[in-house]
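Next comes my_file-v8.cif, with mmCIF, N, CA, C and O atoms.
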data_query
loop_
_atom_site.label_atom_id
_atom_site.label_comp_id
_atom_site.auth_asym_id
_atom_site.auth_seq_id
_atom_site.Cartn_x
_atom_site.Cartn_y
_atom_site.Cartn_z
N LYS N 1 -19.28 -6.10 -48.59
CA LYS N 1 -18.24 -5.93 -47.58
C LYS N 1 -18.84 -6.09 -46.19
O LYS N 1 -19.98 -5.73 -45.95
N ARG N 2 -18.00 -6.56 -45.29
CA ARG N 2 -18.44 -6.71 -43.90
C ARG N 2 -18.28 -5.36 -43.20
O ARG N 2 -17.22 -4.74 -43.26
N PRO N 3 -19.30 -4.93 -42.47
CA PRO N 3 -19.19 -3.63 -41.80
C PRO N 3 -18.32 -3.68 -40.55
O PRO N 3 -17.77 -2.67 -40.15
N PHE N 4 -18.19 -4.86 -39.92
CA PHE N 4 -17.41 -4.96 -38.68
C PHE N 4 -16.81 -6.36 -38.59
O PHE N 4 -17.51 -7.36 -38.65
N VAL N 5 -15.50 -6.40 -38.44
CA VAL N 5 -14.80 -7.67 -38.29
C VAL N 5 -14.04 -7.62 -36.98
O VAL N 5 -13.27 -6.68 -36.74
N LEU N 6 -14.23 -8.62 -36.14
CA LEU N 6 -13.52 -8.74 -34.88
C LEU N 6 -12.78 -10.06 -34.90
O LEU N 6 -13.38 -11.11 -35.09
N SER N 7 -11.47 -10.01 -34.70
CA SER N 7 -10.66 -11.21 -34.81
C SER N 7 -9.77 -11.37 -33.60
O SER N 7 -9.45 -10.41 -32.91
N ARG N 8 -9.35 -12.60 -33.34
CA ARG N 8 -8.34 -12.86 -32.32
C ARG N 8 -7.00 -13.13 -32.96
O ARG N 8 -6.01 -13.36 -32.28
N SER N 9 -6.96 -13.12 -34.28
CA SER N 9 -5.74 -13.38 -35.02
C SER N 9 -5.52 -12.22 -35.99
O SER N 9 -6.16 -12.16 -37.05
N THR N 10 -4.65 -11.31 -35.64
CA THR N 10 -4.41 -10.14 -36.48
C THR N 10 -2.92 -9.96 -36.72
O THR N 10 -2.10 -10.67 -36.14
N PHE N 11 -2.58 -9.01 -37.54
CA PHE N 11 -1.19 -8.70 -37.84
C PHE N 11 -1.05 -7.18 -37.81
O PHE N 11 -2.07 -6.46 -37.85
N PRO N 12 0.17 -6.65 -37.71
CA PRO N 12 0.34 -5.19 -37.66
C PRO N 12 -0.35 -4.51 -38.84
O PRO N 12 -0.26 -4.97 -39.97
N SER N 13 -1.02 -3.45 -38.54
CA SER N 13 -1.76 -2.59 -39.47
C SER N 13 -3.06 -3.22 -39.97
O SER N 13 -3.71 -2.65 -40.84
N SER N 14 -3.49 -4.36 -39.44
CA SER N 14 -4.79 -4.90 -39.86
C SER N 14 -5.93 -4.09 -39.26
O SER N 14 -7.09 -4.36 -39.55
N GLY N 15 -5.61 -3.11 -38.44
CA GLY N 15 -6.62 -2.26 -37.83
C GLY N 15 -7.41 -1.45 -38.84
O GLY N 15 -8.46 -0.91 -38.51
N MET N 16 -6.92 -1.34 -40.07
CA MET N 16 -7.68 -0.66 -41.11
C MET N 16 -8.92 -1.46 -41.48
O MET N 16 -9.89 -0.90 -41.99
N TYR N 17 -8.88 -2.76 -41.24
CA TYR N 17 -9.95 -3.64 -41.68
C TYR N 17 -10.68 -4.35 -40.56
O TYR N 17 -11.80 -4.83 -40.77
N ALA N 18 -10.06 -4.50 -39.40
CA ALA N 18 -10.65 -5.33 -38.35
C ALA N 18 -10.25 -4.84 -36.96
O ALA N 18 -9.25 -4.13 -36.80
N GLY N 19 -11.02 -5.24 -35.98
CA GLY N 19 -10.67 -5.02 -34.58
C GLY N 19 -10.04 -6.28 -34.02
O GLY N 19 -10.06 -7.34 -34.64
N HIS N 20 -9.49 -6.17 -32.82
CA HIS N 20 -8.81 -7.31 -32.22
C HIS N 20 -9.35 -7.55 -30.81
O HIS N 20 -9.42 -6.63 -30.00
N SER N 21 -9.71 -8.79 -30.54
CA SER N 21 -10.10 -9.19 -29.20
C SER N 21 -8.93 -9.93 -28.57
O SER N 21 -8.32 -10.78 -29.21
N LEU N 22 -8.60 -9.59 -27.33
CA LEU N 22 -7.46 -10.23 -26.67
C LEU N 22 -7.71 -11.69 -26.35
O LEU N 22 -6.82 -12.41 -25.97
N GLY N 23 -8.93 -12.15 -26.51
CA GLY N 23 -9.21 -13.56 -26.34
C GLY N 23 -9.65 -13.92 -24.94
O GLY N 23 -9.93 -13.06 -24.11
N ALA N 24 -9.71 -15.20 -24.70
CA ALA N 24 -10.21 -15.72 -23.43
C ALA N 24 -9.26 -15.38 -22.29
O ALA N 24 -8.10 -15.77 -22.29
N ALA N 25 -9.76 -14.64 -21.34
CA ALA N 25 -8.98 -14.26 -20.17
C ALA N 25 -9.54 -14.96 -18.94
O ALA N 25 -10.73 -15.24 -18.86
N GLU N 26 -8.69 -15.25 -18.01
CA GLU N 26 -9.13 -15.85 -16.76
C GLU N 26 -9.70 -14.75 -15.87
O GLU N 26 -9.37 -13.59 -16.01
N ARG N 27 -10.54 -15.14 -14.94
CA ARG N 27 -11.10 -14.18 -13.98
C ARG N 27 -10.15 -14.01 -12.82
O ARG N 27 -10.40 -14.49 -11.71
N THR N 28 -9.03 -13.32 -13.08
CA THR N 28 -8.03 -13.06 -12.04
C THR N 28 -7.60 -11.61 -12.11
O THR N 28 -7.74 -10.95 -13.13
N TRP N 29 -7.04 -11.14 -11.01
CA TRP N 29 -6.55 -9.76 -10.97
C TRP N 29 -5.36 -9.58 -11.91
O TRP N 29 -5.19 -8.51 -12.49
N ASN N 30 -4.54 -10.61 -12.07
CA ASN N 30 -3.41 -10.51 -13.00
C ASN N 30 -3.88 -10.32 -14.43
O ASN N 30 -3.31 -9.52 -15.18
N GLN N 31 -4.93 -11.03 -14.84
CA GLN N 31 -5.45 -10.86 -16.19
C GLN N 31 -6.03 -9.47 -16.39
O GLN N 31 -5.97 -8.92 -17.48
N LEU N 32 -6.59 -8.91 -15.33
CA LEU N 32 -7.08 -7.53 -15.39
C LEU N 32 -5.92 -6.59 -15.70
O LEU N 32 -6.01 -5.73 -16.57
N ARG N 33 -4.79 -6.79 -15.02
CA ARG N 33 -3.60 -5.95 -15.26
C ARG N 33 -3.04 -6.17 -16.66
O ARG N 33 -2.68 -5.23 -17.35
N TYR N 34 -2.97 -7.43 -17.09
CA TYR N 34 -2.42 -7.73 -18.41
C TYR N 34 -3.27 -7.18 -19.55
O TYR N 34 -2.77 -6.89 -20.63
N SER N 35 -4.56 -7.05 -19.32
CA SER N 35 -5.43 -6.55 -20.38
C SER N 35 -5.10 -5.10 -20.73
O SER N 35 -5.25 -4.70 -21.88
N VAL N 36 -4.64 -4.34 -19.75
CA VAL N 36 -4.27 -2.95 -20.03
C VAL N 36 -3.10 -2.89 -21.00
O VAL N 36 -3.14 -2.18 -22.01
N SER N 37 -2.05 -3.66 -20.72
CA SER N 37 -0.90 -3.66 -21.63
C SER N 37 -1.24 -4.30 -22.97
O SER N 37 -0.72 -3.88 -24.01
N GLY N 38 -2.14 -5.28 -22.98
CA GLY N 38 -2.55 -5.90 -24.23
C GLY N 38 -3.24 -4.92 -25.15
O GLY N 38 -2.97 -4.86 -26.35
N VAL N 39 -4.14 -4.11 -24.60
CA VAL N 39 -4.84 -3.11 -25.40
C VAL N 39 -3.86 -2.05 -25.89
O VAL N 39 -3.90 -1.64 -27.06
N MET N 40 -2.95 -1.62 -25.04
CA MET N 40 -1.97 -0.61 -25.45
C MET N 40 -1.03 -1.14 -26.53
O MET N 40 -0.69 -0.43 -27.47
N ASN N 41 -0.63 -2.40 -26.41
CA ASN N 41 0.23 -3.00 -27.45
C ASN N 41 -0.48 -3.05 -28.79
O ASN N 41 0.11 -2.73 -29.82
N MET N 42 -1.73 -3.47 -28.79
CA MET N 42 -2.48 -3.52 -30.05
C MET N 42 -2.58 -2.14 -30.68
O MET N 42 -2.50 -2.00 -31.90
N ASN N 43 -2.75 -1.11 -29.85
CA ASN N 43 -2.80 0.25 -30.38
C ASN N 43 -1.47 0.65 -31.01
O ASN N 43 -1.44 1.29 -32.05
N MET N 44 -0.37 0.24 -30.40
CA MET N 44 0.95 0.54 -30.98
C MET N 44 1.20 -0.24 -32.26
O MET N 44 1.94 0.21 -33.14
N PHE N 45 0.58 -1.40 -32.42
CA PHE N 45 0.73 -2.21 -33.62
C PHE N 45 -0.15 -1.72 -34.76
O PHE N 45 -0.18 -2.32 -35.83
N GLY N 46 -0.90 -0.67 -34.54
CA GLY N 46 -1.75 -0.12 -35.58
C GLY N 46 -3.16 -0.68 -35.59
O GLY N 46 -3.85 -0.63 -36.60
N ILE N 47 -3.58 -1.23 -34.46
CA ILE N 47 -4.94 -1.77 -34.36
C ILE N 47 -5.66 -0.98 -33.26
O ILE N 47 -5.58 -1.33 -32.08
N PRO N 48 -6.33 0.11 -33.64
CA PRO N 48 -6.92 0.97 -32.62
C PRO N 48 -8.14 0.38 -31.91
O PRO N 48 -8.41 0.73 -30.77
N LEU N 49 -8.88 -0.49 -32.58
CA LEU N 49 -10.06 -1.09 -31.97
C LEU N 49 -9.68 -2.44 -31.36
O LEU N 49 -9.71 -3.48 -32.01
N ALA N 50 -9.27 -2.39 -30.11
CA ALA N 50 -8.84 -3.61 -29.40
C ALA N 50 -9.45 -3.61 -28.02
O ALA N 50 -9.68 -2.56 -27.42
N GLY N 51 -9.71 -4.80 -27.51
CA GLY N 51 -10.29 -4.89 -26.18
C GLY N 51 -10.21 -6.30 -25.62
O GLY N 51 -9.84 -7.24 -26.31
N ALA N 52 -10.57 -6.40 -24.36
CA ALA N 52 -10.51 -7.68 -23.65
C ALA N 52 -11.91 -8.13 -23.27
O ALA N 52 -12.85 -7.33 -23.29
N ASP N 53 -12.04 -9.40 -22.92
CA ASP N 53 -13.29 -9.91 -22.38
C ASP N 53 -13.44 -9.39 -20.96
O ASP N 53 -12.66 -9.74 -20.08
N VAL N 54 -14.41 -8.54 -20.75
CA VAL N 54 -14.61 -7.93 -19.44
C VAL N 54 -15.02 -9.00 -18.45
O VAL N 54 -15.95 -9.76 -18.69
N CYS N 55 -14.31 -9.11 -17.38
CA CYS N 55 -14.53 -10.05 -16.29
C CYS N 55 -14.04 -11.46 -16.60
O CYS N 55 -14.13 -12.34 -15.78
N GLY N 56 -13.49 -11.69 -17.78
CA GLY N 56 -12.92 -12.99 -18.10
C GLY N 56 -13.95 -14.10 -18.23
O GLY N 56 -15.14 -13.88 -18.15
N ASN N 57 -13.44 -15.31 -18.44
CA ASN N 57 -14.31 -16.48 -18.62
C ASN N 57 -14.35 -17.37 -17.40
O ASN N 57 -15.39 -17.65 -16.85
N THR N 58 -13.19 -17.88 -17.00
CA THR N 58 -13.09 -18.81 -15.89
C THR N 58 -11.92 -18.39 -15.00
O THR N 58 -11.10 -17.58 -15.38
N ASP N 59 -11.84 -18.96 -13.81
CA ASP N 59 -10.67 -18.70 -12.97
C ASP N 59 -9.50 -19.57 -13.42
O ASP N 59 -9.61 -20.32 -14.38
N GLN N 60 -8.37 -19.49 -12.72
CA GLN N 60 -7.17 -20.22 -13.17
C GLN N 60 -7.31 -21.73 -13.12
O GLN N 60 -6.54 -22.45 -13.74
N ASN N 61 -8.31 -22.25 -12.42
CA ASN N 61 -8.53 -23.69 -12.36
C ASN N 61 -9.56 -24.16 -13.39
O ASN N 61 -9.93 -25.33 -13.39
N GLY N 62 -10.04 -23.26 -14.22
CA GLY N 62 -11.03 -23.62 -15.21
C GLY N 62 -12.45 -23.64 -14.68
O GLY N 62 -13.36 -24.08 -15.36
N VAL N 63 -12.66 -23.15 -13.47
CA VAL N 63 -13.98 -23.13 -12.85
C VAL N 63 -14.62 -21.76 -13.12
O VAL N 63 -13.96 -20.74 -13.02
N ALA N 64 -15.88 -21.75 -13.45
CA ALA N 64 -16.57 -20.52 -13.80
C ALA N 64 -17.14 -19.83 -12.56
O ALA N 64 -18.34 -19.67 -12.41
N THR N 65 -16.29 -19.45 -11.63
CA THR N 65 -16.72 -18.74 -10.43
C THR N 65 -16.78 -17.25 -10.72
O THR N 65 -16.27 -16.78 -11.73
N LEU N 66 -17.37 -16.49 -9.82
CA LEU N 66 -17.53 -15.07 -10.03
C LEU N 66 -17.07 -14.31 -8.80
O LEU N 66 -17.60 -14.50 -7.71
N ASP N 67 -16.06 -13.46 -8.97
CA ASP N 67 -15.62 -12.54 -7.92
C ASP N 67 -16.25 -11.19 -8.25
O ASP N 67 -15.87 -10.54 -9.22
N GLU N 68 -17.23 -10.78 -7.46
CA GLU N 68 -18.00 -9.58 -7.79
C GLU N 68 -17.15 -8.33 -7.79
O GLU N 68 -17.33 -7.45 -8.63
N GLU N 69 -16.21 -8.21 -6.85
CA GLU N 69 -15.37 -7.01 -6.83
C GLU N 69 -14.51 -6.95 -8.08
O GLU N 69 -14.35 -5.89 -8.70
N LEU N 70 -13.94 -8.08 -8.47
CA LEU N 70 -13.12 -8.13 -9.68
C LEU N 70 -13.95 -7.72 -10.90
O LEU N 70 -13.49 -6.92 -11.73
N CYS N 71 -15.14 -8.24 -11.03
CA CYS N 71 -15.99 -7.89 -12.18
C CYS N 71 -16.38 -6.43 -12.17
O CYS N 71 -16.42 -5.79 -13.22
N ALA N 72 -16.66 -5.89 -11.01
CA ALA N 72 -17.01 -4.47 -10.92
C ALA N 72 -15.82 -3.60 -11.32
O ALA N 72 -15.97 -2.63 -12.06
N ARG N 73 -14.64 -3.94 -10.85
CA ARG N 73 -13.44 -3.16 -11.20
C ARG N 73 -13.11 -3.30 -12.67
O ARG N 73 -12.68 -2.35 -13.32
N TRP N 74 -13.31 -4.49 -13.22
CA TRP N 74 -13.02 -4.71 -14.64
C TRP N 74 -14.00 -3.92 -15.50
O TRP N 74 -13.64 -3.36 -16.54
N ALA N 75 -15.26 -3.85 -15.08
CA ALA N 75 -16.24 -3.05 -15.81
C ALA N 75 -15.88 -1.57 -15.77
O ALA N 75 -16.03 -0.85 -16.76
N GLN N 76 -15.37 -1.11 -14.63
CA GLN N 76 -14.94 0.28 -14.53
C GLN N 76 -13.75 0.54 -15.45
O GLN N 76 -13.70 1.56 -16.14
N LEU N 77 -12.80 -0.36 -15.47
CA LEU N 77 -11.63 -0.20 -16.33
C LEU N 77 -12.02 -0.25 -17.80
O LEU N 77 -11.47 0.48 -18.62
N SER N 78 -12.98 -1.09 -18.14
CA SER N 78 -13.35 -1.26 -19.55
C SER N 78 -13.96 -0.01 -20.17
O SER N 78 -14.05 0.08 -21.39
N THR N 79 -14.35 0.94 -19.35
CA THR N 79 -14.86 2.18 -19.93
C THR N 79 -13.77 2.95 -20.66
O THR N 79 -14.07 3.82 -21.47
N PHE N 80 -12.51 2.61 -20.40
CA PHE N 80 -11.39 3.26 -21.07
C PHE N 80 -10.84 2.43 -22.23
O PHE N 80 -9.90 2.84 -22.89
N TYR N 81 -11.39 1.24 -22.46
CA TYR N 81 -10.98 0.42 -23.60
C TYR N 81 -11.68 0.91 -24.86
O TYR N 81 -12.84 1.31 -24.81
N PRO N 82 -11.02 0.83 -26.00
CA PRO N 82 -11.72 1.14 -27.25
C PRO N 82 -12.83 0.13 -27.55
O PRO N 82 -13.83 0.46 -28.17
N LEU N 83 -12.66 -1.11 -27.10
CA LEU N 83 -13.65 -2.17 -27.32
C LEU N 83 -13.79 -2.96 -26.02
O LEU N 83 -12.81 -3.49 -25.51
N ALA N 84 -14.96 -2.99 -25.49
CA ALA N 84 -15.23 -3.77 -24.28
C ALA N 84 -16.26 -4.84 -24.64
O ALA N 84 -17.32 -4.53 -25.18
N ARG N 85 -15.94 -6.07 -24.33
CA ARG N 85 -16.79 -7.19 -24.74
C ARG N 85 -17.12 -8.03 -23.52
O ARG N 85 -16.24 -8.51 -22.82
N GLY N 86 -18.39 -8.17 -23.25
CA GLY N 86 -18.83 -9.04 -22.17
C GLY N 86 -18.99 -10.45 -22.69
O GLY N 86 -19.75 -10.69 -23.61
N TYR N 87 -18.26 -11.37 -22.13
CA TYR N 87 -18.31 -12.74 -22.61
C TYR N 87 -18.09 -13.67 -21.43
O TYR N 87 -17.24 -13.43 -20.59
N TYR N 88 -18.86 -14.74 -21.39
CA TYR N 88 -18.61 -15.79 -20.41
C TYR N 88 -19.00 -17.12 -21.02
O TYR N 88 -19.88 -17.20 -21.86
N GLY N 89 -18.29 -18.14 -20.62
CA GLY N 89 -18.49 -19.46 -21.20
C GLY N 89 -19.74 -20.15 -20.70
O GLY N 89 -20.45 -19.66 -19.81
N LYS N 90 -19.99 -21.31 -21.25
CA LYS N 90 -21.16 -22.09 -20.89
C LYS N 90 -21.07 -22.53 -19.43
O LYS N 90 -20.05 -23.02 -18.97
N GLY N 91 -22.12 -22.29 -18.69
CA GLY N 91 -22.16 -22.67 -17.28
C GLY N 91 -21.57 -21.63 -16.35
O GLY N 91 -21.57 -21.81 -15.14
N ALA N 92 -21.07 -20.53 -16.89
CA ALA N 92 -20.48 -19.48 -16.05
C ALA N 92 -21.56 -18.55 -15.52
O ALA N 92 -22.62 -18.39 -16.14
N ALA N 93 -21.27 -17.93 -14.40
CA ALA N 93 -22.20 -16.96 -13.84
C ALA N 93 -22.17 -15.68 -14.69
O ALA N 93 -21.10 -15.26 -15.12
N PRO N 94 -23.31 -15.07 -14.96
CA PRO N 94 -23.33 -13.83 -15.73
C PRO N 94 -22.48 -12.76 -15.04
O PRO N 94 -22.47 -12.65 -13.82
N SER N 95 -21.78 -11.97 -15.84
CA SER N 95 -20.84 -11.00 -15.27
C SER N 95 -21.20 -9.56 -15.59
O SER N 95 -20.39 -8.67 -15.39
N GLU N 96 -22.41 -9.32 -16.07
CA GLU N 96 -22.81 -7.95 -16.34
C GLU N 96 -22.99 -7.20 -15.02
O GLU N 96 -23.36 -7.78 -14.01
N PRO N 97 -22.71 -5.89 -15.02
CA PRO N 97 -22.82 -5.14 -13.76
C PRO N 97 -24.20 -5.22 -13.11
O PRO N 97 -24.31 -5.27 -11.89
N TYR N 98 -25.26 -5.26 -13.89
CA TYR N 98 -26.60 -5.34 -13.30
C TYR N 98 -26.91 -6.71 -12.71
O TYR N 98 -27.86 -6.85 -11.94
N ALA N 99 -26.09 -7.73 -13.06
CA ALA N 99 -26.31 -9.08 -12.55
C ALA N 99 -25.59 -9.34 -11.23
O ALA N 99 -25.77 -10.39 -10.63
N LEU N 100 -24.77 -8.40 -10.79
CA LEU N 100 -24.03 -8.58 -9.54
C LEU N 100 -25.01 -8.48 -8.36
O LEU N 100 -25.88 -7.63 -8.33
N ALA N 101 -24.83 -9.36 -7.39
CA ALA N 101 -25.78 -9.44 -6.28
C ALA N 101 -25.55 -8.37 -5.21
O ALA N 101 -26.49 -7.93 -4.56
N THR N 102 -24.30 -7.95 -5.03
CA THR N 102 -23.99 -7.00 -3.97
C THR N 102 -24.34 -5.58 -4.41
O THR N 102 -23.79 -5.10 -5.41
N PRO N 103 -25.21 -4.88 -3.70
CA PRO N 103 -25.65 -3.56 -4.13
C PRO N 103 -24.53 -2.52 -4.21
O PRO N 103 -24.61 -1.60 -5.00
N LYS N 104 -23.47 -2.66 -3.42
CA LYS N 104 -22.43 -1.63 -3.43
C LYS N 104 -21.64 -1.60 -4.73
O LYS N 104 -20.95 -0.65 -5.02
N TYR N 105 -21.74 -2.65 -5.56
CA TYR N 105 -21.03 -2.67 -6.83
C TYR N 105 -21.91 -2.29 -8.01
O TYR N 105 -21.47 -2.30 -9.13
N LYS N 106 -23.16 -1.98 -7.77
CA LYS N 106 -24.07 -1.64 -8.86
C LYS N 106 -23.94 -0.18 -9.23
O LYS N 106 -23.61 0.66 -8.50
#
Structure rendered as structure tokens:
Amino acid sequence: KRPFVLSRSTFPSSGMYAGHSLGAAERTWNQLRYSVSGVMNMNMFGIPLAGADVCGNTDQNGVATLDEELCARWAQLSTFYPLARGYYGKGAAPSEPYALATPKYK
């Protein structure tokens, strides 16, 4: 048996067997807001282990830019997610809190 399954394709009550990732999110403030309702919806569907990609992948134009304040706020919010996943695409700037250049966000 697999000890941990994380999927982007789930159905109601599959939370007994797997967690759910909300998938590729853009690095925008709107996606930050939508991730909260996405996690809450998954919890209501019977999937308690759900979370979003912290800081997203790319901006709305498909460019892998980094807004440090957005990433810092998203990392703060992710402490309340059941599952927080740091992910960024190829060529994107690292989005971990220790990788942020501005000291006030560390």
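The shortest atom-to-atom distance to Gly19 of chain N, with only C-alpha atoms taken into account, belongs to N:Leu83 out of N:Met44, N:Cys71, N:Leu32, N:Leu83.
Between atom CA of Tyr98 of chain N and atom CA of Pro82 of chain N there is a distance of 21.4 Å.
When atom CA of Glu26 of chain N is paired with atom CA of Thr10 of chain N, their separation reads 21.1 Å.
A straight line drawn from atom O of Tyr34 of chain N to atom O of Gly86 of chain N is 17.7 Å long.
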For this session: Would you return as a ChimeraX atom specification the members of chain N that DSSP assigns to strand (DSSP E) on this structure's backbone?
Result: /N:6-7,19-21,50-51,53-54,85-86
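Closest to Tyr87 of chain N among N:Asn57, N:Ser37, N:Asn43, N:Ser21 is N:Asn57, based on only C-alpha atoms.
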Exercise. Please, which residues of chain N, numbered as in this document, come out helix (DSSP H, G or I) from DSSP, as number ranges by chain?
Worked result: N: 14-16, 29-44, 68-78, 97-99, 103-105
Ground truth for the PyMOL selection byres ((chain N and resi 4) around 8), written as a PDB file with N, CA, C and O atoms, in the coordinates of the input:
ATOM      1  N   LYS N   1     -19.280  -6.100 -48.590  1.00  0.00           N
ATOM      2  CA  LYS N   1     -18.240  -5.930 -47.580  1.00  0.00           C
ATOM      3  C   LYS N   1     -18.840  -6.090 -46.190  1.00  0.00           C
ATOM      4  O   LYS N   1     -19.980  -5.730 -45.950  1.00  0.00           O
ATOM      5  N   ARG N   2     -18.000  -6.560 -45.290  1.00  0.00           N
ATOM      6  CA  ARG N   2     -18.440  -6.710 -43.900  1.00  0.00           C
ATOM      7  C   ARG N   2     -18.280  -5.360 -43.200  1.00  0.00           C
ATOM      8  O   ARG N   2     -17.220  -4.740 -43.260  1.00  0.00           O
ATOM      9  N   PRO N   3     -19.300  -4.930 -42.470  1.00  0.00           N
ATOM     10  CA  PRO N   3     -19.190  -3.630 -41.800  1.00  0.00           C
ATOM     11  C   PRO N   3     -18.320  -3.680 -40.550  1.00  0.00           C
ATOM     12  O   PRO N   3     -17.770  -2.670 -40.150  1.00  0.00           O
ATOM     13  N   VAL N   5     -15.500  -6.400 -38.440  1.00  0.00           N
ATOM     14  CA  VAL N   5     -14.800  -7.670 -38.290  1.00  0.00           C
ATOM     15  C   VAL N   5     -14.040  -7.620 -36.980  1.00  0.00           C
ATOM     16  O   VAL N   5     -13.270  -6.680 -36.740  1.00  0.00           O
ATOM     17  N   LEU N   6     -14.230  -8.620 -36.140  1.00  0.00           N
ATOM     18  CA  LEU N   6     -13.520  -8.740 -34.880  1.00  0.00           C
ATOM     19  C   LEU N   6     -12.780 -10.060 -34.900  1.00  0.00           C
ATOM     20  O   LEU N   6     -13.380 -11.110 -35.090  1.00  0.00           O
ATOM     21  N   SER N   7     -11.470 -10.010 -34.700  1.00  0.00           N
ATOM     22  CA  SER N   7     -10.660 -11.210 -34.810  1.00  0.00           C
ATOM     23  C   SER N   7      -9.770 -11.370 -33.600  1.00  0.00           C
ATOM     24  O   SER N   7      -9.450 -10.410 -32.910  1.00  0.00           O
ATOM     25  N   TYR N  17      -8.880  -2.760 -41.240  1.00  0.00           N
ATOM     26  CA  TYR N  17      -9.950  -3.640 -41.680  1.00  0.00           C
ATOM     27  C   TYR N  17     -10.680  -4.350 -40.560  1.00  0.00           C
ATOM     28  O   TYR N  17     -11.800  -4.830 -40.770  1.00  0.00           O
ATOM     29  N   ALA N  18     -10.060  -4.500 -39.400  1.00  0.00           N
ATOM     30  CA  ALA N  18     -10.650  -5.330 -38.350  1.00  0.00           C
ATOM     31  C   ALA N  18     -10.250  -4.840 -36.960  1.00  0.00           C
ATOM     32  O   ALA N  18      -9.250  -4.130 -36.800  1.00  0.00           O
ATOM     33  N   GLY N  19     -11.020  -5.240 -35.980  1.00  0.00           N
ATOM     34  CA  GLY N  19     -10.670  -5.020 -34.580  1.00  0.00           C
ATOM     35  C   GLY N  19     -10.040  -6.280 -34.020  1.00  0.00           C
ATOM     36  O   GLY N  19     -10.060  -7.340 -34.640  1.00  0.00           O
TER      37      GLY N  19
END
Exercise. So which residues get picked by the PyMOL selection byres ((chain N and resi 49) around 5) here, written as a PyMOL selection string?
Worked result: chain N and resi 18-20+47-48+50-51
Problem set entry | Non-local contacts of Phe45 of chain N (8 Å; only N, CA, C and O atoms; under 6 positions in same chain excluded) as number ranges by chain | N: 11-15, 38-39
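Compared by their closest atoms to Thr58 of chain N, and using all atoms listed in the file, the residues N:Leu70, N:Ala24, N:Met40, N:Ala84 rank with N:Ala24 nearest.
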Exercise. Which residues, protein or nucleic acid, reach to within 8 Å of (-15.6, -10.3, -16.8) in the file's coordinates when using all atoms listed in the file, and can you give that as a VMD selection string?
Worked result: chain N and resid 25 to 27 52 to 58 67 70 to 72 74 to 75 85 to 88 93 to 96
Padding of 4 Å on every side, edges along x, y and z, all listed atoms of segment 63-75 of chain N included: what centre and edge lengths in Å, to one decimal, does that box have, as AutoDock Vina command-line options?
--center_x -15.5 --center_y -12.0 --center_z -11.8 --size_x 13.7 --size_y 30.3 --size_z 17.9
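Between Leu100 of chain N and the residues N:Asn30, N:Arg73, N:Glu68, N:Ser35, the shortest atom-to-atom distance, using only C-alpha atoms, involves N:Glu68.
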